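Dumped structure20.cif below, it's mmCIF, C-alpha atoms:
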data_work
loop_
_atom_site.group_PDB
_atom_site.id
_atom_site.type_symbol
_atom_site.label_atom_id
_atom_site.label_comp_id
_atom_site.auth_asym_id
_atom_site.auth_seq_id
_atom_site.Cartn_x
_atom_site.Cartn_y
_atom_site.Cartn_z
ATOM 1 C CA MET G 1 1.070 4.485 13.344
ATOM 2 C CA LEU G 2 3.792 2.016 14.300
ATOM 3 C CA ALA G 3 6.269 3.658 11.927
ATOM 4 C CA ARG G 4 6.155 6.896 13.958
ATOM 5 C CA VAL G 5 6.947 5.019 17.186
ATOM 6 C CA ILE G 6 9.888 3.278 15.522
ATOM 7 C CA GLU G 7 11.072 6.593 14.042
ATOM 8 C CA SER G 8 10.950 8.173 17.523
ATOM 9 C CA LEU G 9 13.554 5.588 18.584
ATOM 10 C CA GLY G 10 15.875 6.828 15.835
ATOM 11 C CA ILE G 11 15.216 3.975 13.409
ATOM 12 C CA PRO G 12 14.204 5.171 9.926
ATOM 13 C CA THR G 13 11.140 3.542 8.352
ATOM 14 C CA VAL G 14 9.432 3.346 4.971
ATOM 15 C CA THR G 15 5.678 2.788 4.695
ATOM 16 C CA VAL G 16 4.627 0.843 1.578
ATOM 17 C CA THR G 17 0.927 1.484 1.086
ATOM 18 C CA MET G 18 -1.983 1.433 -1.326
ATOM 19 C CA MET G 19 -3.195 4.665 0.295
ATOM 20 C CA PRO G 20 -0.289 7.135 0.201
ATOM 21 C CA GLU G 21 -2.572 10.153 0.740
ATOM 22 C CA LEU G 22 -3.746 8.680 4.041
ATOM 23 C CA ALA G 23 -0.158 7.896 5.052
ATOM 24 C CA LEU G 24 0.713 11.557 4.382
ATOM 25 C CA LYS G 25 -2.159 12.663 6.617
ATOM 26 C CA MET G 26 -0.859 10.296 9.308
ATOM 27 C CA HIS G 27 2.570 12.001 8.992
ATOM 28 C CA ALA G 28 4.508 8.940 7.868
ATOM 29 C CA SER G 29 8.124 9.926 7.235
ATOM 30 C CA ARG G 30 8.768 8.057 4.000
ATOM 31 C CA ILE G 31 5.959 6.730 1.841
ATOM 32 C CA VAL G 32 6.044 4.379 -1.122
ATOM 33 C CA GLY G 33 2.739 4.206 -2.987
ATOM 34 C CA VAL G 34 1.613 1.099 -4.860
ATOM 35 C CA GLU G 35 -1.532 0.647 -6.927
ATOM 36 C CA PHE G 36 -2.105 -2.950 -5.893
ATOM 37 C CA PRO G 37 -5.035 -4.718 -4.180
ATOM 38 C CA PHE G 38 -5.036 -4.620 -0.368
ATOM 39 C CA GLY G 39 -2.912 -7.279 1.237
ATOM 40 C CA HIS G 40 -0.457 -7.358 -1.654
ATOM 41 C CA SER G 41 1.849 -4.412 -0.927
ATOM 42 C CA PHE G 42 4.832 -6.064 -2.566
ATOM 43 C CA GLY G 43 3.011 -7.723 -5.461
ATOM 44 C CA THR G 44 1.763 -11.159 -6.349
ATOM 45 C CA PRO G 45 3.144 -14.300 -4.696
ATOM 46 C CA HIS G 46 6.212 -15.747 -6.412
ATOM 47 C CA ASN G 47 6.629 -12.636 -8.596
ATOM 48 C CA ASP G 48 10.193 -11.968 -7.484
ATOM 49 C CA GLU G 49 10.775 -9.254 -10.084
ATOM 50 C CA LEU G 50 7.809 -7.164 -8.890
ATOM 51 C CA MET G 51 8.618 -7.725 -5.207
ATOM 52 C CA LEU G 52 12.203 -6.673 -5.811
ATOM 53 C CA LYS G 53 11.051 -3.545 -7.661
ATOM 54 C CA VAL G 54 8.919 -2.498 -4.680
ATOM 55 C CA ALA G 55 11.737 -3.288 -2.230
ATOM 56 C CA ARG G 56 14.231 -1.280 -4.302
ATOM 57 C CA THR G 57 11.824 1.653 -4.448
ATOM 58 C CA ALA G 58 11.485 1.475 -0.650
ATOM 59 C CA CYS G 59 15.284 1.493 -0.312
ATOM 60 C CA GLU G 60 15.443 4.461 -2.688
ATOM 61 C CA ALA G 61 12.914 6.312 -0.520
ATOM 62 C CA LEU G 62 14.978 5.524 2.571
ATOM 63 C CA GLU G 63 18.133 6.819 0.903
ATOM 64 C CA ASP G 64 16.667 9.923 -0.799
ATOM 65 C CA ALA G 65 14.172 11.243 1.765
ATOM 66 C CA GLY G 66 15.328 14.526 3.172
ATOM 67 C CA SER G 67 12.352 15.503 5.270
ATOM 68 C CA PRO G 68 9.159 13.970 6.650
ATOM 69 C CA GLY G 69 6.390 13.491 4.117
ATOM 70 C CA TYR G 70 8.612 12.119 1.360
ATOM 71 C CA HIS G 71 6.450 10.259 -1.167
ATOM 72 C CA LEU G 72 7.540 8.037 -4.037
ATOM 73 C CA ASP G 73 5.290 5.838 -6.191
ATOM 74 C CA VAL G 74 6.307 2.464 -7.596
ATOM 75 C CA ASP G 75 6.264 2.556 -11.379
ATOM 76 C CA ALA G 76 4.542 -0.810 -11.826
ATOM 77 C CA GLU G 77 1.122 -2.073 -12.737
ATOM 78 C CA TRP G 78 -0.676 -5.007 -11.206
ATOM 79 C CA PRO G 79 -0.156 -7.972 -13.587
ATOM 80 C CA VAL G 80 -3.899 -8.704 -13.764
ATOM 81 C CA PRO G 81 -6.581 -6.124 -14.674
ATOM 82 C CA LEU G 82 -7.613 -4.520 -11.361
ATOM 83 C CA GLU G 83 -11.309 -5.300 -11.879
ATOM 84 C CA VAL G 84 -10.456 -9.001 -12.151
ATOM 85 C CA ALA G 85 -7.975 -8.873 -9.268
ATOM 86 C CA TYR G 86 -10.432 -7.214 -6.891
ATOM 87 C CA LYS G 87 -13.127 -9.778 -7.672
ATOM 88 C CA SER G 88 -10.725 -12.697 -7.246
ATOM 89 C CA TRP G 89 -9.819 -11.841 -3.658
ATOM 90 C CA HIS G 90 -13.246 -10.781 -2.443
ATOM 91 C CA PRO G 91 -15.200 -13.438 -0.550
ATOM 92 C CA PRO G 92 -18.218 -14.962 -2.344
ATOM 93 C CA ARG G 93 -20.551 -13.197 0.103
ATOM 94 C CA PRO G 94 -19.915 -9.698 1.425
ATOM 95 C CA SER G 95 -19.195 -9.249 5.122
ATOM 96 C CA PRO G 96 -22.132 -7.986 7.230
ATOM 97 C CA ILE G 97 -20.886 -4.403 7.247
ATOM 98 C CA VAL G 98 -20.307 -4.368 3.476
ATOM 99 C CA ALA G 99 -23.719 -5.958 2.895
ATOM 100 C CA ARG G 100 -25.312 -3.224 5.016
ATOM 101 C CA MET G 101 -23.484 -0.485 3.118
ATOM 102 C CA LEU G 102 -24.538 -1.961 -0.224
ATOM 103 C CA LYS G 103 -28.113 -2.226 0.971
ATOM 104 C CA GLN G 104 -28.095 1.412 2.036
ATOM 105 C CA ARG G 105 -26.860 2.380 -1.430
ATOM 106 C CA GLY G 106 -29.563 0.278 -3.046
ATOM 107 C CA GLN G 107 -27.144 -2.159 -4.696
#
Re-express the file's structure as structure tokens.
Amino acid sequence: MLARVIESLGIPTVTVTMMPELALKMHASRIVGVEFPFGHSFGTPHNDELMLKVARTACEALEDAGSPGYHLDVDAEWPVPLEVAYKSWHPPRPSPIVARMLKQRGQ
């Protein structure tokens, strides 16, 4: 993880992620969890209020973290129902690996 390399140089980092449990397993120092679709860690484009909320939470994690493994979740919901959001950013056809996985599941 790049954050660990940067931390080893004495520069504190915050990892904003949709998968905070995985970040904990990877020993990230400070973790901010968001329940947003992949690729949108700080929210929807042009939603300055949501982006600022995530950034402030990251700053809070940077300020408050006392030891490695600090985890803080952003208290915000995606502005569109997640089922709709996930469908809107998926390609019209699944990638070959996803198609294979779906086929194996019988879907």
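Here atom CA of Ser67 of chain G and atom CA of Leu9 of chain G stand 16.6 Å from one another.
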- Message: With distances taken over only C-alpha atoms, which residue among G:His90, G:Arg105, G:His71, G:Arg100 lies nearest Leu24 of chain G?
- Response: G:His71
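Atom CA of Gly39 of chain G is positioned 19.1 Å from atom CA of Thr13 of chain G.
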Once the PyMOL selection byres ((chain G and resi 40) around 12) has been evaluated on this model, what residues remain selected, and can you format them as a PDB file with C-alpha atoms, in the frame of the given file?
ATOM      1  CA  VAL G  16       4.627   0.843   1.578  1.00  0.00           C
ATOM      2  CA  THR G  17       0.927   1.484   1.086  1.00  0.00           C
ATOM      3  CA  MET G  18      -1.983   1.433  -1.326  1.00  0.00           C
ATOM      4  CA  VAL G  34       1.613   1.099  -4.860  1.00  0.00           C
ATOM      5  CA  GLU G  35      -1.532   0.647  -6.927  1.00  0.00           C
ATOM      6  CA  PHE G  36      -2.105  -2.950  -5.893  1.00  0.00           C
ATOM      7  CA  PRO G  37      -5.035  -4.718  -4.180  1.00  0.00           C
ATOM      8  CA  PHE G  38      -5.036  -4.620  -0.368  1.00  0.00           C
ATOM      9  CA  GLY G  39      -2.912  -7.279   1.237  1.00  0.00           C
ATOM     10  CA  SER G  41       1.849  -4.412  -0.927  1.00  0.00           C
ATOM     11  CA  PHE G  42       4.832  -6.064  -2.566  1.00  0.00           C
ATOM     12  CA  GLY G  43       3.011  -7.723  -5.461  1.00  0.00           C
ATOM     13  CA  THR G  44       1.763 -11.159  -6.349  1.00  0.00           C
ATOM     14  CA  PRO G  45       3.144 -14.300  -4.696  1.00  0.00           C
ATOM     15  CA  HIS G  46       6.212 -15.747  -6.412  1.00  0.00           C
ATOM     16  CA  ASN G  47       6.629 -12.636  -8.596  1.00  0.00           C
ATOM     17  CA  LEU G  50       7.809  -7.164  -8.890  1.00  0.00           C
ATOM     18  CA  MET G  51       8.618  -7.725  -5.207  1.00  0.00           C
ATOM     19  CA  VAL G  54       8.919  -2.498  -4.680  1.00  0.00           C
ATOM     20  CA  TRP G  78      -0.676  -5.007 -11.206  1.00  0.00           C
ATOM     21  CA  PRO G  79      -0.156  -7.972 -13.587  1.00  0.00           C
ATOM     22  CA  ALA G  85      -7.975  -8.873  -9.268  1.00  0.00           C
ATOM     23  CA  TYR G  86     -10.432  -7.214  -6.891  1.00  0.00           C
ATOM     24  CA  TRP G  89      -9.819 -11.841  -3.658  1.00  0.00           C
TER      25      TRP G  89
END
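With all atoms listed in the file as the atoms that count, the minimum distance from Ala28 of chain G to the choices G:Pro12, G:Glu7, G:Gly69, G:Ala61 is reached by G:Gly69.
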- Rank G:Gln104, G:Asp73, G:Ala58, G:Glu49 by their smallest atom-to-atom distance to Thr15 of chain G, using only C-alpha atoms, and report the top residue only. G:Ala58
Can you take segment 2-68 of chain G from the block and write C-alpha atoms as a short mmCIF file (atom, residue, chain, number, x, y, z; two decimals), in the first residue's frame?
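The result, written out as out-v3.cif:
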data_model
loop_
_atom_site.label_atom_id
_atom_site.label_comp_id
_atom_site.auth_asym_id
_atom_site.auth_seq_id
_atom_site.Cartn_x
_atom_site.Cartn_y
_atom_site.Cartn_z
CA LEU G 2 1.39 3.39 -1.00
CA ALA G 3 0.21 4.96 2.25
CA ARG G 4 2.57 2.71 4.26
CA VAL G 5 5.55 3.77 2.13
CA ILE G 6 4.67 7.44 2.61
CA GLU G 7 4.17 6.87 6.35
CA SER G 8 7.63 5.24 6.56
CA LEU G 9 9.06 8.58 5.37
CA GLY G 10 7.42 10.32 8.33
CA ILE G 11 4.51 11.80 6.39
CA PRO G 12 1.11 10.98 7.92
CA THR G 13 -1.59 9.68 5.57
CA VAL G 14 -5.33 9.03 5.60
CA THR G 15 -6.87 6.33 3.41
CA VAL G 16 -10.42 7.13 2.23
CA THR G 17 -11.97 3.86 1.12
CA MET G 18 -15.16 1.97 0.39
CA MET G 19 -13.54 -1.09 1.98
CA PRO G 20 -12.33 -0.06 5.45
CA GLU G 21 -12.09 -3.67 6.67
CA LEU G 22 -9.61 -4.45 3.90
CA ALA G 23 -7.63 -1.29 4.69
CA LEU G 24 -7.42 -2.45 8.33
CA LYS G 25 -6.09 -5.83 7.18
CA MET G 26 -3.51 -3.98 5.06
CA HIS G 27 -2.45 -2.06 8.21
CA ALA G 28 -3.35 1.41 6.96
CA SER G 29 -2.63 3.94 9.71
CA ARG G 30 -5.74 6.10 9.45
CA ILE G 31 -8.86 4.95 7.64
CA VAL G 32 -11.96 6.86 6.63
CA GLY G 33 -14.78 4.62 5.45
CA VAL G 34 -17.37 5.76 2.91
CA GLU G 35 -20.37 3.83 1.63
CA PHE G 36 -20.13 5.14 -1.91
CA PRO G 37 -19.74 3.39 -5.29
CA PHE G 38 -16.16 2.61 -6.35
CA GLY G 39 -14.38 5.49 -8.00
CA HIS G 40 -16.31 8.08 -6.01
CA SER G 41 -14.45 8.21 -2.69
CA PHE G 42 -15.28 11.86 -2.12
CA GLY G 43 -18.82 11.83 -3.50
CA THR G 44 -20.57 12.86 -6.67
CA PRO G 45 -19.06 15.40 -9.08
CA HIS G 46 -19.90 19.01 -8.28
CA ASN G 47 -21.34 18.07 -4.87
CA ASP G 48 -19.06 20.40 -2.93
CA GLU G 49 -20.89 19.88 0.36
CA LEU G 50 -20.41 16.09 0.30
CA MET G 51 -16.79 16.36 -0.87
CA LEU G 52 -16.05 18.82 1.90
CA LYS G 53 -17.67 16.52 4.47
CA VAL G 54 -15.41 13.65 3.42
CA ALA G 55 -12.33 15.91 3.40
CA ARG G 56 -13.17 17.24 6.87
CA THR G 57 -13.63 13.70 8.17
CA ALA G 58 -10.21 12.80 6.73
CA CYS G 59 -8.68 15.82 8.47
CA GLU G 60 -10.40 14.78 11.70
CA ALA G 61 -8.90 11.29 11.36
CA LEU G 62 -5.47 12.82 10.78
CA GLU G 63 -5.83 15.00 13.87
CA ASP G 64 -7.42 12.43 16.23
CA ALA G 65 -5.62 9.19 15.34
CA GLY G 66 -3.43 8.07 18.19
CA SER G 67 -2.27 4.71 16.93
CA PRO G 68 -2.24 2.68 13.71
#
